[in-house]
>>> print(open('final-v2.cif').read())   # mmCIF, C-alpha atoms
data_data
loop_
_atom_site.label_atom_id
_atom_site.label_comp_id
_atom_site.auth_asym_id
_atom_site.auth_seq_id
_atom_site.Cartn_x
_atom_site.Cartn_y
_atom_site.Cartn_z
CA MET A 1 -37.83 -31.48 -0.36
CA ARG A 2 -35.17 -30.21 2.04
CA SER A 3 -33.43 -33.60 2.19
CA ALA A 4 -33.46 -33.90 -1.62
CA VAL A 5 -31.98 -30.42 -2.00
CA GLY A 6 -29.29 -31.24 0.56
CA ALA A 7 -28.40 -34.53 -1.17
CA LEU A 8 -28.17 -32.91 -4.61
CA LEU A 9 -26.12 -30.03 -3.27
CA ARG A 10 -23.69 -32.33 -1.45
CA LYS A 11 -23.26 -34.41 -4.60
CA ASP A 12 -22.45 -31.35 -6.72
CA LEU A 13 -20.06 -29.89 -4.14
CA LEU A 14 -18.26 -33.23 -3.89
CA LEU A 15 -17.88 -33.36 -7.68
CA GLN A 16 -16.52 -29.82 -7.72
CA ARG A 17 -14.04 -30.64 -4.96
CA ARG A 18 -12.77 -33.67 -6.85
CA THR A 19 -12.61 -32.05 -10.27
CA PRO A 20 -12.91 -28.27 -9.95
CA GLU A 21 -13.83 -26.79 -13.30
CA ALA A 22 -16.30 -23.94 -13.10
CA VAL A 23 -14.85 -21.73 -10.34
CA PRO A 24 -11.21 -21.72 -11.55
CA ALA A 25 -12.36 -20.96 -15.10
CA MET A 26 -14.58 -18.11 -13.91
CA VAL A 27 -11.80 -16.60 -11.79
CA LEU A 28 -9.17 -16.82 -14.54
CA PHE A 29 -11.57 -15.35 -17.09
CA SER A 30 -12.37 -12.42 -14.78
CA ILE A 31 -8.72 -11.65 -14.04
CA GLY A 32 -7.87 -11.85 -17.74
CA THR A 33 -10.71 -9.45 -18.52
CA PHE A 34 -9.46 -6.96 -15.91
CA VAL A 35 -5.99 -7.11 -17.45
CA LEU A 36 -7.47 -6.37 -20.87
CA PHE A 37 -9.45 -3.42 -19.50
CA HIS A 38 -6.35 -2.15 -17.72
CA PHE A 39 -4.39 -1.86 -20.97
CA ALA A 40 -7.32 -1.00 -23.25
CA LEU A 41 -8.46 1.99 -21.17
CA ASP A 42 -4.87 3.16 -20.61
CA GLU A 43 -5.80 4.31 -17.12
CA ARG A 44 -4.20 3.30 -13.86
CA GLU A 45 -7.43 3.60 -11.89
CA VAL A 46 -11.17 3.68 -12.54
CA THR A 47 -13.95 4.91 -10.27
CA GLY A 48 -17.70 5.42 -10.10
CA ASN A 49 -19.86 4.38 -13.02
CA LEU A 50 -16.95 3.13 -15.11
CA ALA A 51 -15.60 0.94 -12.31
CA SER A 52 -19.03 -0.46 -11.55
CA GLY A 53 -19.74 -1.17 -15.22
CA ILE A 54 -16.44 -3.01 -15.72
CA LEU A 55 -17.00 -5.08 -12.59
CA TRP A 56 -20.51 -6.18 -13.51
CA VAL A 57 -19.87 -6.85 -17.18
CA THR A 58 -16.97 -9.08 -16.14
CA LEU A 59 -19.04 -10.90 -13.51
CA LEU A 60 -21.90 -11.45 -15.95
CA PHE A 61 -19.72 -13.04 -18.62
CA ALA A 62 -17.91 -15.10 -16.00
CA ALA A 63 -21.28 -16.34 -14.76
CA VAL A 64 -22.05 -17.70 -18.22
CA LEU A 65 -19.10 -20.09 -17.85
CA GLY A 66 -20.59 -21.44 -14.64
CA ILE A 67 -24.08 -21.68 -16.13
CA ASN A 68 -22.77 -23.76 -19.03
CA ARG A 69 -21.37 -26.38 -16.62
CA LEU A 70 -24.34 -26.50 -14.27
CA PHE A 71 -26.12 -29.60 -15.59
CA VAL A 72 -23.28 -31.26 -17.48
CA SER A 73 -22.75 -34.05 -14.95
CA GLU A 74 -26.47 -34.96 -14.99
CA ARG A 75 -26.47 -35.00 -18.78
CA GLU A 76 -23.30 -37.04 -19.27
CA GLU A 77 -23.78 -39.52 -16.42
CA GLY A 78 -27.52 -40.11 -16.67
CA GLY A 79 -28.38 -38.16 -13.54
CA PHE A 80 -31.56 -36.80 -15.07
CA ASP A 81 -33.06 -40.26 -15.54
CA GLY A 82 -32.29 -41.27 -11.98
CA PHE A 83 -33.69 -38.05 -10.58
CA LEU A 84 -36.93 -38.32 -12.59
CA LEU A 85 -37.47 -41.84 -11.26
CA ALA A 86 -36.87 -40.82 -7.66
CA PRO A 87 -39.95 -40.02 -5.48
CA VAL A 88 -38.93 -36.41 -4.79
CA ASP A 89 -40.21 -32.99 -5.71
CA ARG A 90 -38.61 -32.06 -9.00
CA THR A 91 -38.20 -28.43 -8.04
CA SER A 92 -35.63 -29.61 -5.49
CA MET A 93 -33.15 -29.78 -8.36
CA LEU A 94 -33.96 -26.18 -9.25
CA VAL A 95 -33.29 -25.07 -5.68
CA ALA A 96 -30.10 -27.14 -5.37
CA LYS A 97 -28.64 -25.92 -8.66
CA ALA A 98 -29.56 -22.30 -7.94
CA ILE A 99 -27.85 -22.52 -4.53
CA LEU A 100 -24.82 -24.13 -6.18
CA LEU A 101 -24.54 -21.36 -8.76
CA PHE A 102 -25.01 -18.74 -6.03
CA LEU A 103 -22.11 -20.32 -4.11
CA PHE A 104 -19.99 -20.39 -7.28
CA LEU A 105 -20.59 -16.68 -7.83
CA SER A 106 -19.91 -15.80 -4.21
CA VAL A 107 -16.58 -17.65 -4.15
CA VAL A 108 -15.56 -16.16 -7.48
CA GLU A 109 -16.39 -12.64 -6.29
CA VAL A 110 -14.01 -12.96 -3.34
CA PHE A 111 -11.10 -13.39 -5.75
CA VAL A 112 -12.50 -11.06 -8.38
CA LEU A 113 -13.00 -8.16 -6.00
CA ALA A 114 -9.44 -8.52 -4.72
CA ALA A 115 -8.05 -8.64 -8.27
CA PHE A 116 -10.21 -5.69 -9.33
CA THR A 117 -8.91 -3.62 -6.41
CA ILE A 118 -5.30 -4.38 -7.33
CA LEU A 119 -5.55 -3.98 -11.11
CA LEU A 120 -8.10 -1.24 -11.75
CA LEU A 121 -10.11 0.15 -8.88
CA GLY A 122 -9.08 3.54 -7.50
CA PRO A 123 -11.01 3.90 -4.22
CA SER A 124 -10.87 1.14 -1.64
CA PRO A 125 -14.00 -1.07 -1.61
CA TRP A 126 -13.48 -2.14 2.01
CA GLY A 127 -15.24 0.86 3.56
CA PRO A 128 -18.62 0.29 1.88
CA LEU A 129 -18.12 -3.50 1.97
CA PRO A 130 -21.43 -4.33 3.77
CA GLU A 131 -23.45 -2.38 1.19
CA LEU A 132 -21.43 -3.96 -1.62
CA ILE A 133 -22.06 -7.45 -0.24
CA LEU A 134 -25.80 -6.72 -0.12
CA VAL A 135 -25.86 -5.71 -3.79
CA LEU A 136 -23.73 -8.69 -4.78
CA ALA A 137 -26.01 -11.08 -2.89
CA LEU A 138 -29.19 -9.75 -4.51
CA ALA A 139 -27.65 -9.82 -7.98
CA ASN A 140 -26.19 -13.28 -7.42
CA ALA A 141 -29.60 -14.61 -6.45
CA GLY A 142 -31.13 -13.31 -9.68
CA ILE A 143 -28.30 -14.61 -11.85
CA ALA A 144 -28.48 -17.98 -10.08
CA VAL A 145 -32.20 -18.39 -10.76
CA ILE A 146 -31.97 -17.18 -14.37
CA GLY A 147 -28.86 -19.28 -14.97
CA THR A 148 -30.43 -22.44 -13.58
CA LEU A 149 -33.54 -21.96 -15.69
CA VAL A 150 -31.54 -21.32 -18.88
CA ALA A 151 -29.11 -24.15 -18.19
CA ALA A 152 -31.97 -26.62 -17.73
CA LEU A 153 -33.40 -25.51 -21.06
CA ALA A 154 -30.10 -25.52 -22.94
CA ILE A 155 -28.76 -28.84 -21.65
CA GLN A 156 -31.37 -30.69 -23.69
CA THR A 157 -30.03 -29.20 -26.94
CA ARG A 158 -26.88 -29.88 -28.93
CA ALA A 159 -26.03 -26.18 -29.12
CA ARG A 160 -25.76 -25.71 -25.34
CA ASP A 161 -22.74 -23.40 -25.51
CA LEU A 162 -24.60 -21.15 -27.95
CA ILE A 163 -28.05 -21.22 -26.35
CA VAL A 164 -26.92 -20.26 -22.84
CA PRO A 165 -25.39 -16.86 -23.68
CA LEU A 166 -28.10 -16.06 -26.24
CA ILE A 167 -30.82 -16.44 -23.59
CA ALA A 168 -29.07 -15.75 -20.29
CA LEU A 169 -27.39 -12.49 -21.28
CA PRO A 170 -30.54 -10.60 -22.42
CA LEU A 171 -32.49 -11.84 -19.39
CA SER A 172 -29.71 -10.72 -17.05
CA VAL A 173 -29.15 -7.27 -18.55
CA PRO A 174 -31.79 -5.44 -16.43
CA LEU A 175 -30.41 -7.15 -13.33
CA VAL A 176 -26.84 -6.13 -14.13
CA ILE A 177 -27.86 -2.55 -14.93
CA ALA A 178 -29.57 -2.23 -11.56
CA ALA A 179 -26.58 -3.79 -9.78
CA ALA A 180 -24.13 -1.49 -11.59
CA ARG A 181 -26.20 1.60 -10.75
CA ALA A 182 -26.39 0.49 -7.12
CA CYS A 183 -22.64 -0.10 -6.89
CA ALA A 184 -21.54 3.10 -8.66
CA PRO A 185 -21.89 5.40 -5.61
CA LEU A 186 -19.97 2.88 -3.51
CA LEU A 187 -16.94 3.04 -5.82
CA THR A 188 -16.51 6.81 -6.10
CA GLU A 189 -13.17 8.53 -5.53
CA GLY A 190 -14.31 10.99 -2.87
CA GLY A 191 -15.75 8.35 -0.59
CA ALA A 192 -18.70 6.03 -0.77
CA GLY A 193 -22.03 7.64 -1.55
CA ALA A 194 -25.42 6.55 -0.33
CA LEU A 195 -26.84 3.27 -1.57
CA GLU A 196 -30.08 4.03 -3.41
CA ALA A 197 -32.99 1.93 -2.19
CA ARG A 198 -34.75 1.93 -5.56
CA TRP A 199 -32.01 -0.19 -7.15
CA LEU A 200 -32.19 -2.67 -4.30
CA ALA A 201 -35.96 -2.82 -4.78
CA ILE A 202 -35.51 -3.52 -8.50
CA LEU A 203 -33.02 -6.29 -7.75
CA GLY A 204 -35.34 -7.83 -5.18
CA LEU A 205 -38.35 -7.64 -7.48
CA TYR A 206 -36.41 -9.18 -10.36
CA ASP A 207 -35.29 -12.04 -8.11
CA LEU A 208 -38.87 -12.65 -6.97
CA VAL A 209 -40.39 -12.61 -10.47
CA PHE A 210 -37.84 -15.00 -11.97
CA GLY A 211 -37.90 -17.19 -8.88
CA LEU A 212 -41.65 -17.70 -9.25
CA LEU A 213 -41.33 -18.19 -13.02
CA ALA A 214 -38.60 -20.79 -12.61
CA TYR A 215 -40.61 -22.62 -9.94
CA ALA A 216 -43.65 -22.71 -12.24
CA ILE A 217 -41.99 -24.08 -15.38
CA PHE A 218 -39.02 -26.12 -14.15
CA ASP A 219 -40.99 -29.37 -14.11
CA PHE A 220 -41.83 -28.97 -17.80
CA LEU A 221 -38.17 -28.38 -18.69
CA LEU A 222 -37.16 -31.63 -17.03
CA GLU A 223 -39.91 -33.50 -18.88
CA GLU A 224 -38.59 -32.27 -22.20
#
>>> encode(input="final-v2.cif", output="structure tokens")
Amino acid sequence: MRSAVGALLRKDLLLQRRTPEAVPAMVLFSIGTFVLFHFALDEREVTGNLASGILWVTLLFAAVLGINRLFVSEREEGGFDGFLLAPVDRTSMLVAKAILLFLFLSVVEVFVLAAFTILLLGPSPWGPLPELILVLALANAGIAVIGTLVAALAIQTRARDLIVPLIALPLSVPLVIAAARACAPLLTEGGAGALEARWLAILGLYDLVFGLLAYAIFDFLLEE
């Protein structure tokens, strides 16, 4: 399984290097959203709950763009048929695509966090950066698993662009709420507050539940 995951991941990374689509679109969408918030709120800086909410709403909608493109190459170039005929564990595609989406989100967040700091954020995020990275990593893992599961389901339909947000957004809402609550104390004006362990536990539990669910049903999605 490890070799199959590595091969699939290398193939997808090579395609993205040759024709980058998802990451630039996600970054540009996020920056455009921050600009809109900057003028709509008519505030030079945001902190605390408001800053955390803006950040995570933007990241969630940007993630949808990446989810929509996750299985497009397999669908358009017949990759599904070749993979189903290969003597490999089918869940290796789930793992490879989830890792790919996790990497997409991580790269995007490097640019997004810098843009957010410049355009909207009042307090510096660099002090509580380790805690912020931990929250981002846990949330990214959940979004990656949910996104891969939804993308595999939606790619088989003609209304892919409609199905993905209709399913992925409601499933991701509890995850984003927990991530926003966890990040809020880290983005306060008077200095970073303590990171609450209960939100990290919720993020970890959500990742575990959807990881097991995706592992259990992914084979059936590929069959369909």
>>> closest_residue(input="final-v2.cif", among="A:Phe111, A:Leu213, A:Ile67, A:Glu196", to="Leu169 (chain A)", atoms="all atoms listed in the file")
A:Ile67
>>> residues_around(input="final-v2.cif", residues="region 34-38 of chain A", least_positions_apart="4", cutoff="10 Å", atoms="all atoms listed in the file", output="JSON, numbers by chain")
{"A": [28, 29, 30, 42, 43, 44, 45, 46, 54, 55, 58, 112, 115, 116, 118, 119, 120, 121]}
>>> write_last_selection(input="final-v2.cif", atoms="C-alpha atoms", output="short mmCIF file (atom, residue, chain, number, x, y, z; two decimals), in the frame of the given file")
data_model
loop_
_atom_site.label_atom_id
_atom_site.label_comp_id
_atom_site.auth_asym_id
_atom_site.auth_seq_id
_atom_site.Cartn_x
_atom_site.Cartn_y
_atom_site.Cartn_z
CA LEU A 28 -9.17 -16.82 -14.54
CA PHE A 29 -11.57 -15.35 -17.09
CA SER A 30 -12.37 -12.42 -14.78
CA ASP A 42 -4.87 3.16 -20.61
CA GLU A 43 -5.80 4.31 -17.12
CA ARG A 44 -4.20 3.30 -13.86
CA GLU A 45 -7.43 3.60 -11.89
CA VAL A 46 -11.17 3.68 -12.54
CA ILE A 54 -16.44 -3.01 -15.72
CA LEU A 55 -17.00 -5.08 -12.59
CA THR A 58 -16.97 -9.08 -16.14
CA VAL A 112 -12.50 -11.06 -8.38
CA ALA A 115 -8.05 -8.64 -8.27
CA PHE A 116 -10.21 -5.69 -9.33
CA ILE A 118 -5.30 -4.38 -7.33
CA LEU A 119 -5.55 -3.98 -11.11
CA LEU A 120 -8.10 -1.24 -11.75
CA LEU A 121 -10.11 0.15 -8.88
#
>>> resolve_selection(input="final-v2.cif", expression="the PyMOL selection byres ((chain A and resi 13) around 12)", output="PyMOL selection string")
chain A and resi 6-12+14-23+70+73+96-97+99-101+103-104
>>> resolve_selection(input="final-v2.cif", expression="the PyMOL selection byres ((chain A and resi 92) around 9)", output="list in words")
Met1, Arg2, Ser3, Ala4, Val5, Gly6, Leu8, Val88, Asp89, Arg90, Thr91, Met93, Leu94, Val95, Ala96 and Lys97 of chain A
>>> atom_distance(input="final-v2.cif", atom1="CA of Leu105 (chain A)", atom2="CA of Asn68 (chain A)")
13.4 Å
>>> closest_residue(input="final-v2.cif", among="A:Leu162, A:Gly66, A:Ile217, A:Pro24", to="Leu149 (chain A)", atoms="all atoms listed in the file")
A:Ile217
>>> residues_around(input="final-v2.cif", residues="Ala152 (chain A)", least_positions_apart="4", cutoff="12 Å", atoms="all atoms listed in the file", output="PyMOL selection string")
chain A and resi 67-72+74-75+80+91+93-94+97-98+145-148+156-157+160+163-164+167-168+214+217-224
>>> write_last_selection(input="final-v2.cif", atoms="C-alpha atoms", output="PDB file, keeping the file's coordinate frame")
ATOM      1  CA  ILE A  67     -24.080 -21.680 -16.130  1.00  0.00           C
ATOM      2  CA  ASN A  68     -22.770 -23.760 -19.030  1.00  0.00           C
ATOM      3  CA  ARG A  69     -21.370 -26.380 -16.620  1.00  0.00           C
ATOM      4  CA  LEU A  70     -24.340 -26.500 -14.270  1.00  0.00           C
ATOM      5  CA  PHE A  71     -26.120 -29.600 -15.590  1.00  0.00           C
ATOM      6  CA  VAL A  72     -23.280 -31.260 -17.480  1.00  0.00           C
ATOM      7  CA  GLU A  74     -26.470 -34.960 -14.990  1.00  0.00           C
ATOM      8  CA  ARG A  75     -26.470 -35.000 -18.780  1.00  0.00           C
ATOM      9  CA  PHE A  80     -31.560 -36.800 -15.070  1.00  0.00           C
ATOM     10  CA  THR A  91     -38.200 -28.430  -8.040  1.00  0.00           C
ATOM     11  CA  MET A  93     -33.150 -29.780  -8.360  1.00  0.00           C
ATOM     12  CA  LEU A  94     -33.960 -26.180  -9.250  1.00  0.00           C
ATOM     13  CA  LYS A  97     -28.640 -25.920  -8.660  1.00  0.00           C
ATOM     14  CA  ALA A  98     -29.560 -22.300  -7.940  1.00  0.00           C
ATOM     15  CA  VAL A 145     -32.200 -18.390 -10.760  1.00  0.00           C
ATOM     16  CA  ILE A 146     -31.970 -17.180 -14.370  1.00  0.00           C
ATOM     17  CA  GLY A 147     -28.860 -19.280 -14.970  1.00  0.00           C
ATOM     18  CA  THR A 148     -30.430 -22.440 -13.580  1.00  0.00           C
ATOM     19  CA  GLN A 156     -31.370 -30.690 -23.690  1.00  0.00           C
ATOM     20  CA  THR A 157     -30.030 -29.200 -26.940  1.00  0.00           C
ATOM     21  CA  ARG A 160     -25.760 -25.710 -25.340  1.00  0.00           C
ATOM     22  CA  ILE A 163     -28.050 -21.220 -26.350  1.00  0.00           C
ATOM     23  CA  VAL A 164     -26.920 -20.260 -22.840  1.00  0.00           C
ATOM     24  CA  ILE A 167     -30.820 -16.440 -23.590  1.00  0.00           C
ATOM     25  CA  ALA A 168     -29.070 -15.750 -20.290  1.00  0.00           C
ATOM     26  CA  ALA A 214     -38.600 -20.790 -12.610  1.00  0.00           C
ATOM     27  CA  ILE A 217     -41.990 -24.080 -15.380  1.00  0.00           C
ATOM     28  CA  PHE A 218     -39.020 -26.120 -14.150  1.00  0.00           C
ATOM     29  CA  ASP A 219     -40.990 -29.370 -14.110  1.00  0.00           C
ATOM     30  CA  PHE A 220     -41.830 -28.970 -17.800  1.00  0.00           C
ATOM     31  CA  LEU A 221     -38.170 -28.380 -18.690  1.00  0.00           C
ATOM     32  CA  LEU A 222     -37.160 -31.630 -17.030  1.00  0.00           C
ATOM     33  CA  GLU A 223     -39.910 -33.500 -18.880  1.00  0.00           C
ATOM     34  CA  GLU A 224     -38.590 -32.270 -22.200  1.00  0.00           C
TER      35      GLU A 224
END
>>> residues_around(input="final-v2.cif", residues="region 122-126 of chain A", least_positions_apart="3", cutoff="9 Å", atoms="all atoms listed in the file", output="list in words")
Arg44, Glu45, Val46, Thr47, Ala51, Leu113, Thr117, Ile118, Leu129, Pro130, Leu132, Leu186, Leu187, Thr188, Glu189, Gly190, Gly191 and Ala192 of chain A
>>> closest_residue(input="final-v2.cif", among="A:Leu65, A:Leu171, A:Leu41, A:Val107", to="Ala137 (chain A)", atoms="all atoms listed in the file")
A:Val107
>>> closest_residue(input="final-v2.cif", among="A:Val176, A:Leu59, A:Leu50, A:Ala197", to="Thr33 (chain A)", atoms="all atoms listed in the file")
A:Leu59
>>> closest_residue(input="final-v2.cif", among="A:Val108, A:Leu166, A:Val135, A:Leu212", to="Val150 (chain A)", atoms="all atoms listed in the file")
A:Leu166
>>> atom_distance(input="final-v2.cif", atom1="CA of Arg198 (chain A)", atom2="CA of Arg181 (chain A)")
10.0 Å
